file my_file_27.txt (compact mmCIF, N, CA and C atoms)
# COMPACT_ATOMS: atom_id res chain seq x y z
N MET A 268 0.85 -1.17 0.00
CA MET A 268 0.00 0.00 0.00
C MET A 268 0.90 1.24 0.00
N ASN A 269 0.74 2.08 -0.98
CA ASN A 269 1.56 3.27 -1.10
C ASN A 269 1.08 4.39 -0.18
N GLU A 270 -0.18 4.64 -0.18
CA GLU A 270 -0.74 5.75 0.56
C GLU A 270 -1.85 5.22 1.47
N PRO A 271 -1.86 5.60 2.73
CA PRO A 271 -2.93 5.13 3.60
C PRO A 271 -4.30 5.54 3.07
N ARG A 272 -5.25 4.68 3.27
CA ARG A 272 -6.62 5.00 2.88
C ARG A 272 -7.58 4.33 3.84
N ARG A 273 -8.79 4.80 3.81
CA ARG A 273 -9.82 4.31 4.71
C ARG A 273 -10.11 2.82 4.48
N VAL A 274 -10.71 2.23 5.51
CA VAL A 274 -11.21 0.86 5.43
C VAL A 274 -12.69 0.91 5.80
N ILE A 275 -13.51 0.24 5.02
CA ILE A 275 -14.93 0.08 5.33
C ILE A 275 -15.05 -1.26 6.04
N ALA A 276 -15.64 -1.29 7.23
CA ALA A 276 -15.83 -2.54 7.97
C ALA A 276 -17.31 -2.90 7.97
N LEU A 277 -17.58 -4.19 7.79
CA LEU A 277 -18.95 -4.67 7.73
C LEU A 277 -19.19 -5.79 8.72
N ASP A 278 -20.27 -5.67 9.47
CA ASP A 278 -20.76 -6.76 10.31
C ASP A 278 -21.96 -7.32 9.54
N VAL A 279 -21.73 -8.41 8.82
CA VAL A 279 -22.72 -8.94 7.89
C VAL A 279 -23.64 -9.93 8.59
N GLY A 280 -24.92 -9.64 8.55
CA GLY A 280 -25.93 -10.55 9.05
C GLY A 280 -26.86 -10.95 7.93
N ASP A 281 -27.83 -11.78 8.23
CA ASP A 281 -28.78 -12.21 7.21
C ASP A 281 -29.73 -11.09 6.80
N VAL A 282 -30.05 -10.19 7.73
CA VAL A 282 -31.03 -9.13 7.48
C VAL A 282 -30.38 -7.76 7.35
N ARG A 283 -29.36 -7.50 8.17
CA ARG A 283 -28.73 -6.18 8.20
C ARG A 283 -27.21 -6.30 8.09
N ILE A 284 -26.61 -5.20 7.64
CA ILE A 284 -25.16 -5.08 7.63
C ILE A 284 -24.81 -3.82 8.40
N GLY A 285 -24.06 -3.98 9.48
CA GLY A 285 -23.55 -2.84 10.21
C GLY A 285 -22.31 -2.32 9.51
N VAL A 286 -22.19 -1.00 9.42
CA VAL A 286 -21.09 -0.40 8.67
C VAL A 286 -20.32 0.57 9.56
N ALA A 287 -19.00 0.48 9.47
CA ALA A 287 -18.09 1.43 10.14
C ALA A 287 -17.02 1.80 9.14
N VAL A 288 -16.33 2.90 9.41
CA VAL A 288 -15.27 3.37 8.51
C VAL A 288 -14.11 3.89 9.35
N SER A 289 -12.91 3.71 8.82
CA SER A 289 -11.73 4.26 9.49
C SER A 289 -11.42 5.63 8.93
N ASP A 290 -10.54 6.34 9.62
CA ASP A 290 -10.00 7.58 9.06
C ASP A 290 -8.95 7.17 8.02
N PRO A 291 -8.49 8.10 7.17
CA PRO A 291 -7.52 7.74 6.13
C PRO A 291 -6.20 7.15 6.66
N LEU A 292 -5.81 7.51 7.87
CA LEU A 292 -4.57 6.99 8.43
C LEU A 292 -4.75 5.66 9.16
N ARG A 293 -5.98 5.17 9.20
CA ARG A 293 -6.32 3.89 9.82
C ARG A 293 -5.98 3.85 11.30
N THR A 294 -6.36 4.90 12.00
CA THR A 294 -6.14 4.91 13.45
C THR A 294 -7.45 4.96 14.22
N ILE A 295 -8.50 5.50 13.63
CA ILE A 295 -9.78 5.69 14.32
C ILE A 295 -10.89 5.00 13.55
N ALA A 296 -11.75 4.30 14.27
CA ALA A 296 -12.93 3.66 13.67
C ALA A 296 -14.16 4.41 14.15
N GLN A 297 -15.08 4.65 13.23
CA GLN A 297 -16.32 5.30 13.63
C GLN A 297 -17.52 4.59 13.00
N PRO A 298 -18.60 4.47 13.78
CA PRO A 298 -19.80 3.84 13.22
C PRO A 298 -20.38 4.71 12.12
N LEU A 299 -20.97 4.07 11.12
CA LEU A 299 -21.49 4.81 10.00
C LEU A 299 -23.00 4.64 9.85
N GLU A 300 -23.46 3.43 9.60
CA GLU A 300 -24.87 3.21 9.36
C GLU A 300 -25.20 1.73 9.42
N VAL A 301 -26.48 1.43 9.30
CA VAL A 301 -26.96 0.06 9.20
C VAL A 301 -27.71 -0.05 7.88
N TYR A 302 -27.32 -1.02 7.08
CA TYR A 302 -27.92 -1.25 5.77
C TYR A 302 -28.82 -2.47 5.85
N ARG A 303 -30.01 -2.38 5.32
CA ARG A 303 -30.93 -3.51 5.27
C ARG A 303 -30.65 -4.30 3.99
N ARG A 304 -30.33 -5.57 4.13
CA ARG A 304 -29.93 -6.40 3.00
C ARG A 304 -31.07 -6.62 2.02
N VAL A 305 -30.69 -6.71 0.74
CA VAL A 305 -31.66 -6.94 -0.33
C VAL A 305 -31.33 -8.23 -1.08
N GLY A 306 -30.06 -8.44 -1.40
CA GLY A 306 -29.59 -9.60 -2.15
C GLY A 306 -28.16 -9.34 -2.57
N TYR A 307 -27.44 -10.38 -3.00
CA TYR A 307 -26.02 -10.22 -3.33
C TYR A 307 -25.75 -9.06 -4.28
N GLY A 308 -26.50 -8.95 -5.37
CA GLY A 308 -26.26 -7.89 -6.35
C GLY A 308 -26.41 -6.50 -5.76
N PRO A 309 -27.59 -6.17 -5.21
CA PRO A 309 -27.77 -4.84 -4.61
C PRO A 309 -26.83 -4.60 -3.43
N ASP A 310 -26.57 -5.62 -2.63
CA ASP A 310 -25.68 -5.46 -1.47
C ASP A 310 -24.26 -5.15 -1.93
N THR A 311 -23.81 -5.81 -2.99
CA THR A 311 -22.48 -5.56 -3.54
C THR A 311 -22.39 -4.15 -4.10
N ARG A 312 -23.43 -3.72 -4.81
CA ARG A 312 -23.45 -2.35 -5.36
C ARG A 312 -23.44 -1.32 -4.23
N TYR A 313 -24.14 -1.60 -3.15
CA TYR A 313 -24.15 -0.70 -2.00
C TYR A 313 -22.74 -0.54 -1.42
N VAL A 314 -22.04 -1.67 -1.23
CA VAL A 314 -20.68 -1.61 -0.67
C VAL A 314 -19.75 -0.90 -1.65
N HIS A 315 -19.91 -1.16 -2.93
CA HIS A 315 -19.09 -0.48 -3.94
C HIS A 315 -19.31 1.03 -3.88
N ALA A 316 -20.56 1.46 -3.73
CA ALA A 316 -20.87 2.89 -3.61
C ALA A 316 -20.24 3.49 -2.36
N LEU A 317 -20.23 2.73 -1.26
CA LEU A 317 -19.56 3.19 -0.04
C LEU A 317 -18.07 3.40 -0.30
N CYS A 318 -17.47 2.44 -0.98
CA CYS A 318 -16.03 2.54 -1.29
C CYS A 318 -15.75 3.78 -2.13
N GLU A 319 -16.59 4.04 -3.10
CA GLU A 319 -16.41 5.24 -3.93
C GLU A 319 -16.54 6.50 -3.08
N ARG A 320 -17.55 6.52 -2.22
CA ARG A 320 -17.78 7.70 -1.37
C ARG A 320 -16.60 7.98 -0.46
N TYR A 321 -15.97 6.93 0.06
CA TYR A 321 -14.85 7.10 0.99
C TYR A 321 -13.49 6.88 0.33
N GLN A 322 -13.47 6.81 -0.98
CA GLN A 322 -12.25 6.72 -1.77
C GLN A 322 -11.32 5.59 -1.30
N THR A 323 -11.87 4.40 -1.27
CA THR A 323 -11.10 3.22 -0.89
C THR A 323 -11.59 2.02 -1.68
N GLU A 324 -10.80 0.97 -1.65
CA GLU A 324 -11.18 -0.32 -2.22
C GLU A 324 -11.09 -1.39 -1.15
N ASP A 325 -10.77 -0.99 0.07
CA ASP A 325 -10.50 -1.93 1.16
C ASP A 325 -11.74 -2.13 2.03
N VAL A 326 -12.15 -3.40 2.12
CA VAL A 326 -13.35 -3.76 2.89
C VAL A 326 -12.97 -4.87 3.87
N LEU A 327 -13.30 -4.66 5.11
CA LEU A 327 -13.05 -5.64 6.17
C LEU A 327 -14.37 -6.29 6.56
N LEU A 328 -14.42 -7.61 6.50
CA LEU A 328 -15.61 -8.34 6.89
C LEU A 328 -15.35 -9.07 8.20
N GLY A 329 -16.27 -8.91 9.13
CA GLY A 329 -16.19 -9.69 10.36
C GLY A 329 -16.56 -11.12 10.05
N LEU A 330 -15.70 -12.05 10.42
CA LEU A 330 -15.94 -13.47 10.15
C LEU A 330 -16.40 -14.14 11.44
N PRO A 331 -17.68 -14.53 11.49
CA PRO A 331 -18.23 -15.09 12.74
C PRO A 331 -17.88 -16.57 12.91
N LEU A 332 -16.71 -16.80 13.44
CA LEU A 332 -16.26 -18.17 13.69
C LEU A 332 -16.97 -18.74 14.92
N ASN A 333 -17.03 -20.05 14.99
CA ASN A 333 -17.55 -20.71 16.18
C ASN A 333 -16.55 -20.52 17.31
N MET A 334 -16.98 -20.76 18.53
CA MET A 334 -16.10 -20.55 19.68
C MET A 334 -14.84 -21.42 19.62
N ASP A 335 -14.91 -22.57 18.93
CA ASP A 335 -13.73 -23.42 18.79
C ASP A 335 -12.85 -23.01 17.60
N GLY A 336 -13.23 -21.93 16.91
CA GLY A 336 -12.45 -21.43 15.79
C GLY A 336 -12.86 -22.00 14.44
N SER A 337 -13.79 -22.94 14.43
CA SER A 337 -14.23 -23.52 13.16
C SER A 337 -15.24 -22.60 12.47
N ARG A 338 -15.46 -22.86 11.20
CA ARG A 338 -16.42 -22.07 10.42
C ARG A 338 -17.78 -22.75 10.43
N GLY A 339 -18.78 -21.98 10.77
CA GLY A 339 -20.15 -22.47 10.72
C GLY A 339 -20.86 -21.91 9.50
N GLY A 340 -22.16 -22.08 9.47
CA GLY A 340 -22.97 -21.62 8.35
C GLY A 340 -22.89 -20.13 8.11
N GLN A 341 -22.92 -19.35 9.17
CA GLN A 341 -22.87 -17.89 9.00
C GLN A 341 -21.51 -17.44 8.47
N ALA A 342 -20.45 -18.08 8.91
CA ALA A 342 -19.11 -17.74 8.39
C ALA A 342 -19.03 -18.05 6.90
N GLU A 343 -19.62 -19.15 6.48
CA GLU A 343 -19.61 -19.50 5.05
C GLU A 343 -20.38 -18.47 4.24
N LYS A 344 -21.48 -17.95 4.79
CA LYS A 344 -22.25 -16.90 4.10
C LYS A 344 -21.42 -15.63 3.96
N VAL A 345 -20.67 -15.29 4.99
CA VAL A 345 -19.82 -14.09 4.94
C VAL A 345 -18.71 -14.28 3.91
N LEU A 346 -18.12 -15.47 3.87
CA LEU A 346 -17.07 -15.74 2.89
C LEU A 346 -17.63 -15.67 1.46
N ALA A 347 -18.85 -16.16 1.26
CA ALA A 347 -19.48 -16.07 -0.07
C ALA A 347 -19.72 -14.62 -0.46
N PHE A 348 -20.15 -13.80 0.49
CA PHE A 348 -20.34 -12.38 0.21
C PHE A 348 -19.00 -11.72 -0.09
N GLY A 349 -17.98 -12.11 0.64
CA GLY A 349 -16.63 -11.60 0.38
C GLY A 349 -16.16 -11.92 -1.03
N GLN A 350 -16.50 -13.10 -1.52
CA GLN A 350 -16.14 -13.46 -2.89
C GLN A 350 -16.84 -12.54 -3.89
N GLN A 351 -18.10 -12.20 -3.62
CA GLN A 351 -18.83 -11.28 -4.49
C GLN A 351 -18.14 -9.92 -4.52
N LEU A 352 -17.72 -9.44 -3.35
CA LEU A 352 -17.05 -8.15 -3.28
C LEU A 352 -15.71 -8.18 -4.00
N THR A 353 -14.98 -9.28 -3.86
CA THR A 353 -13.70 -9.43 -4.55
C THR A 353 -13.90 -9.42 -6.06
N GLN A 354 -14.91 -10.12 -6.52
CA GLN A 354 -15.19 -10.15 -7.96
C GLN A 354 -15.59 -8.77 -8.48
N ALA A 355 -16.12 -7.93 -7.61
CA ALA A 355 -16.51 -6.57 -7.99
C ALA A 355 -15.32 -5.60 -7.90
N GLY A 356 -14.12 -6.12 -7.58
CA GLY A 356 -12.92 -5.30 -7.60
C GLY A 356 -12.46 -4.73 -6.27
N MET A 357 -13.08 -5.17 -5.17
CA MET A 357 -12.68 -4.66 -3.86
C MET A 357 -11.63 -5.58 -3.23
N ASN A 358 -10.78 -5.00 -2.39
CA ASN A 358 -9.82 -5.77 -1.60
C ASN A 358 -10.54 -6.18 -0.31
N VAL A 359 -10.73 -7.46 -0.13
CA VAL A 359 -11.50 -7.95 1.02
C VAL A 359 -10.57 -8.57 2.05
N TYR A 360 -10.73 -8.15 3.29
CA TYR A 360 -10.00 -8.67 4.43
C TYR A 360 -11.01 -9.29 5.38
N TYR A 361 -10.56 -10.21 6.21
CA TYR A 361 -11.44 -10.85 7.19
C TYR A 361 -10.82 -10.71 8.57
N SER A 362 -11.70 -10.60 9.56
CA SER A 362 -11.24 -10.53 10.94
C SER A 362 -12.19 -11.35 11.82
N ASP A 363 -11.63 -12.11 12.71
CA ASP A 363 -12.41 -12.90 13.66
C ASP A 363 -13.30 -11.95 14.46
N GLU A 364 -14.60 -12.18 14.40
CA GLU A 364 -15.51 -11.26 15.08
C GLU A 364 -16.31 -11.93 16.20
N ARG A 365 -15.78 -13.02 16.74
CA ARG A 365 -16.49 -13.68 17.83
C ARG A 365 -16.75 -12.70 18.97
N MET A 366 -17.95 -12.67 19.43
CA MET A 366 -18.39 -11.90 20.61
C MET A 366 -18.58 -10.40 20.36
N THR A 367 -18.36 -9.89 19.16
CA THR A 367 -18.48 -8.44 18.98
C THR A 367 -19.92 -7.96 19.11
N THR A 368 -20.87 -8.71 18.59
CA THR A 368 -22.28 -8.28 18.72
C THR A 368 -22.70 -8.31 20.17
N MET A 369 -22.28 -9.33 20.90
CA MET A 369 -22.62 -9.41 22.32
C MET A 369 -21.97 -8.25 23.08
N THR A 370 -20.74 -7.93 22.76
CA THR A 370 -20.04 -6.82 23.40
C THR A 370 -20.75 -5.50 23.10
N ALA A 371 -21.16 -5.34 21.85
CA ALA A 371 -21.88 -4.12 21.46
C ALA A 371 -23.21 -4.01 22.19
N GLU A 372 -23.93 -5.11 22.29
CA GLU A 372 -25.22 -5.13 22.99
C GLU A 372 -25.03 -4.76 24.46
N ARG A 373 -24.02 -5.33 25.09
CA ARG A 373 -23.76 -5.02 26.50
C ARG A 373 -23.40 -3.55 26.71
N ALA A 374 -22.62 -3.00 25.78
CA ALA A 374 -22.25 -1.58 25.89
C ALA A 374 -23.49 -0.69 25.79
N LEU A 375 -24.40 -1.04 24.89
CA LEU A 375 -25.63 -0.25 24.73
C LEU A 375 -26.51 -0.38 25.96
N ILE A 376 -26.60 -1.57 26.52
CA ILE A 376 -27.40 -1.78 27.74
C ILE A 376 -26.81 -0.97 28.89
N SER A 377 -25.48 -1.04 29.05
CA SER A 377 -24.85 -0.31 30.15
C SER A 377 -24.98 1.20 29.96
N GLY A 378 -25.14 1.63 28.71
CA GLY A 378 -25.34 3.04 28.42
C GLY A 378 -26.79 3.48 28.56
N GLY A 379 -27.66 2.54 28.96
CA GLY A 379 -29.06 2.89 29.18
C GLY A 379 -29.90 3.01 27.92
N VAL A 380 -29.42 2.44 26.81
CA VAL A 380 -30.18 2.51 25.56
C VAL A 380 -31.33 1.50 25.63
N ARG A 381 -32.51 1.99 25.33
CA ARG A 381 -33.70 1.13 25.40
C ARG A 381 -33.67 0.05 24.34
N ARG A 382 -34.34 -1.06 24.63
CA ARG A 382 -34.34 -2.24 23.75
C ARG A 382 -34.69 -1.89 22.31
N GLU A 383 -35.73 -1.08 22.10
CA GLU A 383 -36.15 -0.72 20.74
C GLU A 383 -35.05 0.03 20.01
N GLU A 384 -34.35 0.88 20.72
CA GLU A 384 -33.28 1.68 20.12
C GLU A 384 -32.02 0.86 19.88
N ARG A 385 -31.78 -0.15 20.69
CA ARG A 385 -30.56 -0.96 20.54
C ARG A 385 -30.49 -1.60 19.16
N LYS A 386 -31.63 -2.04 18.64
CA LYS A 386 -31.64 -2.67 17.32
C LYS A 386 -31.12 -1.72 16.24
N ARG A 387 -31.32 -0.44 16.41
CA ARG A 387 -30.87 0.55 15.43
C ARG A 387 -29.37 0.76 15.48
N TYR A 388 -28.74 0.44 16.60
CA TYR A 388 -27.33 0.77 16.79
C TYR A 388 -26.39 -0.42 16.89
N VAL A 389 -26.89 -1.57 17.30
CA VAL A 389 -26.00 -2.68 17.64
C VAL A 389 -25.15 -3.13 16.46
N ASP A 390 -25.69 -3.17 15.25
CA ASP A 390 -24.92 -3.68 14.11
C ASP A 390 -23.78 -2.73 13.72
N LYS A 391 -24.04 -1.42 13.72
CA LYS A 391 -22.95 -0.51 13.36
C LYS A 391 -21.92 -0.40 14.48
N LEU A 392 -22.35 -0.59 15.73
CA LEU A 392 -21.39 -0.61 16.83
C LEU A 392 -20.53 -1.88 16.74
N ALA A 393 -21.14 -3.01 16.39
CA ALA A 393 -20.37 -4.24 16.21
C ALA A 393 -19.35 -4.08 15.09
N ALA A 394 -19.74 -3.44 13.98
CA ALA A 394 -18.81 -3.19 12.88
C ALA A 394 -17.65 -2.31 13.35
N THR A 395 -17.96 -1.36 14.20
CA THR A 395 -16.92 -0.47 14.73
C THR A 395 -15.94 -1.26 15.60
N LEU A 396 -16.46 -2.16 16.43
CA LEU A 396 -15.59 -2.99 17.27
C LEU A 396 -14.71 -3.89 16.42
N ILE A 397 -15.27 -4.47 15.36
CA ILE A 397 -14.49 -5.32 14.45
C ILE A 397 -13.34 -4.51 13.86
N LEU A 398 -13.65 -3.30 13.42
CA LEU A 398 -12.63 -2.44 12.81
C LEU A 398 -11.59 -2.00 13.83
N GLU A 399 -12.03 -1.62 15.03
CA GLU A 399 -11.08 -1.21 16.08
C GLU A 399 -10.10 -2.33 16.40
N GLN A 400 -10.60 -3.55 16.55
CA GLN A 400 -9.74 -4.69 16.88
C GLN A 400 -8.74 -4.95 15.75
N TRP A 401 -9.20 -4.86 14.52
CA TRP A 401 -8.34 -5.11 13.37
C TRP A 401 -7.26 -4.04 13.26
N LEU A 402 -7.65 -2.79 13.45
CA LEU A 402 -6.68 -1.70 13.40
C LEU A 402 -5.64 -1.84 14.52
N ALA A 403 -6.11 -2.20 15.72
CA ALA A 403 -5.21 -2.36 16.86
C ALA A 403 -4.21 -3.50 16.63
N ALA A 404 -4.61 -4.49 15.85
CA ALA A 404 -3.74 -5.63 15.57
C ALA A 404 -2.79 -5.36 14.41
N GLY A 405 -2.86 -4.19 13.84
CA GLY A 405 -1.96 -3.85 12.73
C GLY A 405 -2.71 -3.60 11.44
N GLY A 406 -3.76 -4.34 11.19
CA GLY A 406 -4.67 -4.09 10.10
C GLY A 406 -4.11 -4.10 8.70
N TYR A 407 -2.90 -4.58 8.50
CA TYR A 407 -2.34 -4.55 7.16
C TYR A 407 -2.02 -5.96 6.69
N THR A 408 -3.03 -6.79 6.67
CA THR A 408 -2.84 -8.18 6.21
C THR A 408 -3.11 -8.24 4.72
N VAL A 409 -2.79 -9.38 4.15
CA VAL A 409 -3.02 -9.60 2.72
C VAL A 409 -4.52 -9.74 2.47
N PRO A 410 -5.05 -9.08 1.43
CA PRO A 410 -6.47 -9.24 1.13
C PRO A 410 -6.85 -10.72 0.99
N GLY A 411 -8.04 -11.03 1.47
CA GLY A 411 -8.55 -12.40 1.35
C GLY A 411 -8.06 -13.36 2.40
N THR A 412 -7.28 -12.90 3.36
CA THR A 412 -6.80 -13.81 4.39
C THR A 412 -7.82 -13.94 5.50
N GLN A 413 -7.92 -15.12 6.02
CA GLN A 413 -8.80 -15.40 7.14
C GLN A 413 -7.98 -15.65 8.39
N PRO A 414 -8.60 -15.46 9.54
CA PRO A 414 -7.89 -15.78 10.78
C PRO A 414 -7.65 -17.28 10.90
call {"tool": "encode", "arguments": {"input": "my_file_27.txt", "output": "structure tokens"}}
result
Amino acid sequence: MNEPRRVIALDVGDVRIGVAVSDPLRTIAQPLEVYRRVGYGPDTRYVHALCERYQTEDVLLGLPLNMDGSRGGQAEKVLAFGQQLTQAGMNVYYSDERMTTMTAERALISGGVRREERKRYVDKLAATLILEQWLAAGGYTVPGTQP
């Protein structure tokens, strides 16, 4: 990588995708939004538009591994989505995201956020946690690598 650029982080679920973005120097992660999934084609175009908006090609996907480190059904779905993004020209990275949604939920509860409101925030907060952990670990792995 010649010049630092932002990273778009995604917490991919079956219904929603939580989105976070880094600053150009890759030191700060901030929550961005929650996207309601439509299908591989529209979802890929949405992520591509995000990359254009933030002038990057780098996308980090949280990989929901099982507690023993193996890949379950949801991890396979995330990997399949990652392949779609790669085919669309994006650099896709993966990061172990075990427990991030639970951590995000607990943070919102401790902050006094009501149950109805938590649904609006938990996915983008989880994406932010995924990105923070990846950045703290160095964040400069080879595209397409899994933990």
call {"tool": "closest_residue", "arguments": {"input": "my_file_27.txt", "among": "A:Arg293, A:Arg312, A:Arg381, A:Arg273", "to": "Val326 in chain A", "atoms": "only C-alpha atoms"}}
result
A:Arg273
call {"tool": "atom_distance", "arguments": {"input": "my_file_27.txt", "atom1": "atom N of Gln351 in chain A", "atom2": "atom C of Asp281 in chain A"}}
result
15.7 Å
call {"tool": "residues_near_point", "arguments": {"input": "my_file_27.txt", "point": "(-14.7, -0.8, 5.5)", "cutoff": "10 Å", "atoms": "only C-alpha atoms", "output": "list in words"}}
result
Arg273, Val274, Ile275, Ala276, Leu277, Asp278, Val286, Ala287, Val288, Ser289, Ala296, Leu299, Val314, Leu317, Cys318, Tyr321, Thr323, Glu324, Asp325, Val326, Leu327, Leu328, Asn358, Val359, Tyr360, Ala394, Thr395 and Leu398 of chain A
call {"tool": "atom_distance", "arguments": {"input": "my_file_27.txt", "atom1": "CA of Gly336 in chain A", "atom2": "atom C of Asp290 in chain A"}}
result
29.8 Å
call {"tool": "atom_distance", "arguments": {"input": "my_file_27.txt", "atom1": "CA of Tyr307 in chain A", "atom2": "CA of Leu396 in chain A"}}
result
24.2 Å
call {"tool": "residues_around", "arguments": {"input": "my_file_27.txt", "residues": "Gly329 in chain A", "least_positions_apart": "6", "cutoff": "6 Å", "atoms": "all atoms listed in the file", "output": "VMD selection string"}}
result
chain A and resid 277 to 279 361 to 364
call {"tool": "closest_residue", "arguments": {"input": "my_file_27.txt", "among": "A:Lys344, A:Leu392, A:Thr294, A:Arg338", "to": "Ala404 in chain A", "atoms": "only C-alpha atoms"}}
result
A:Thr294
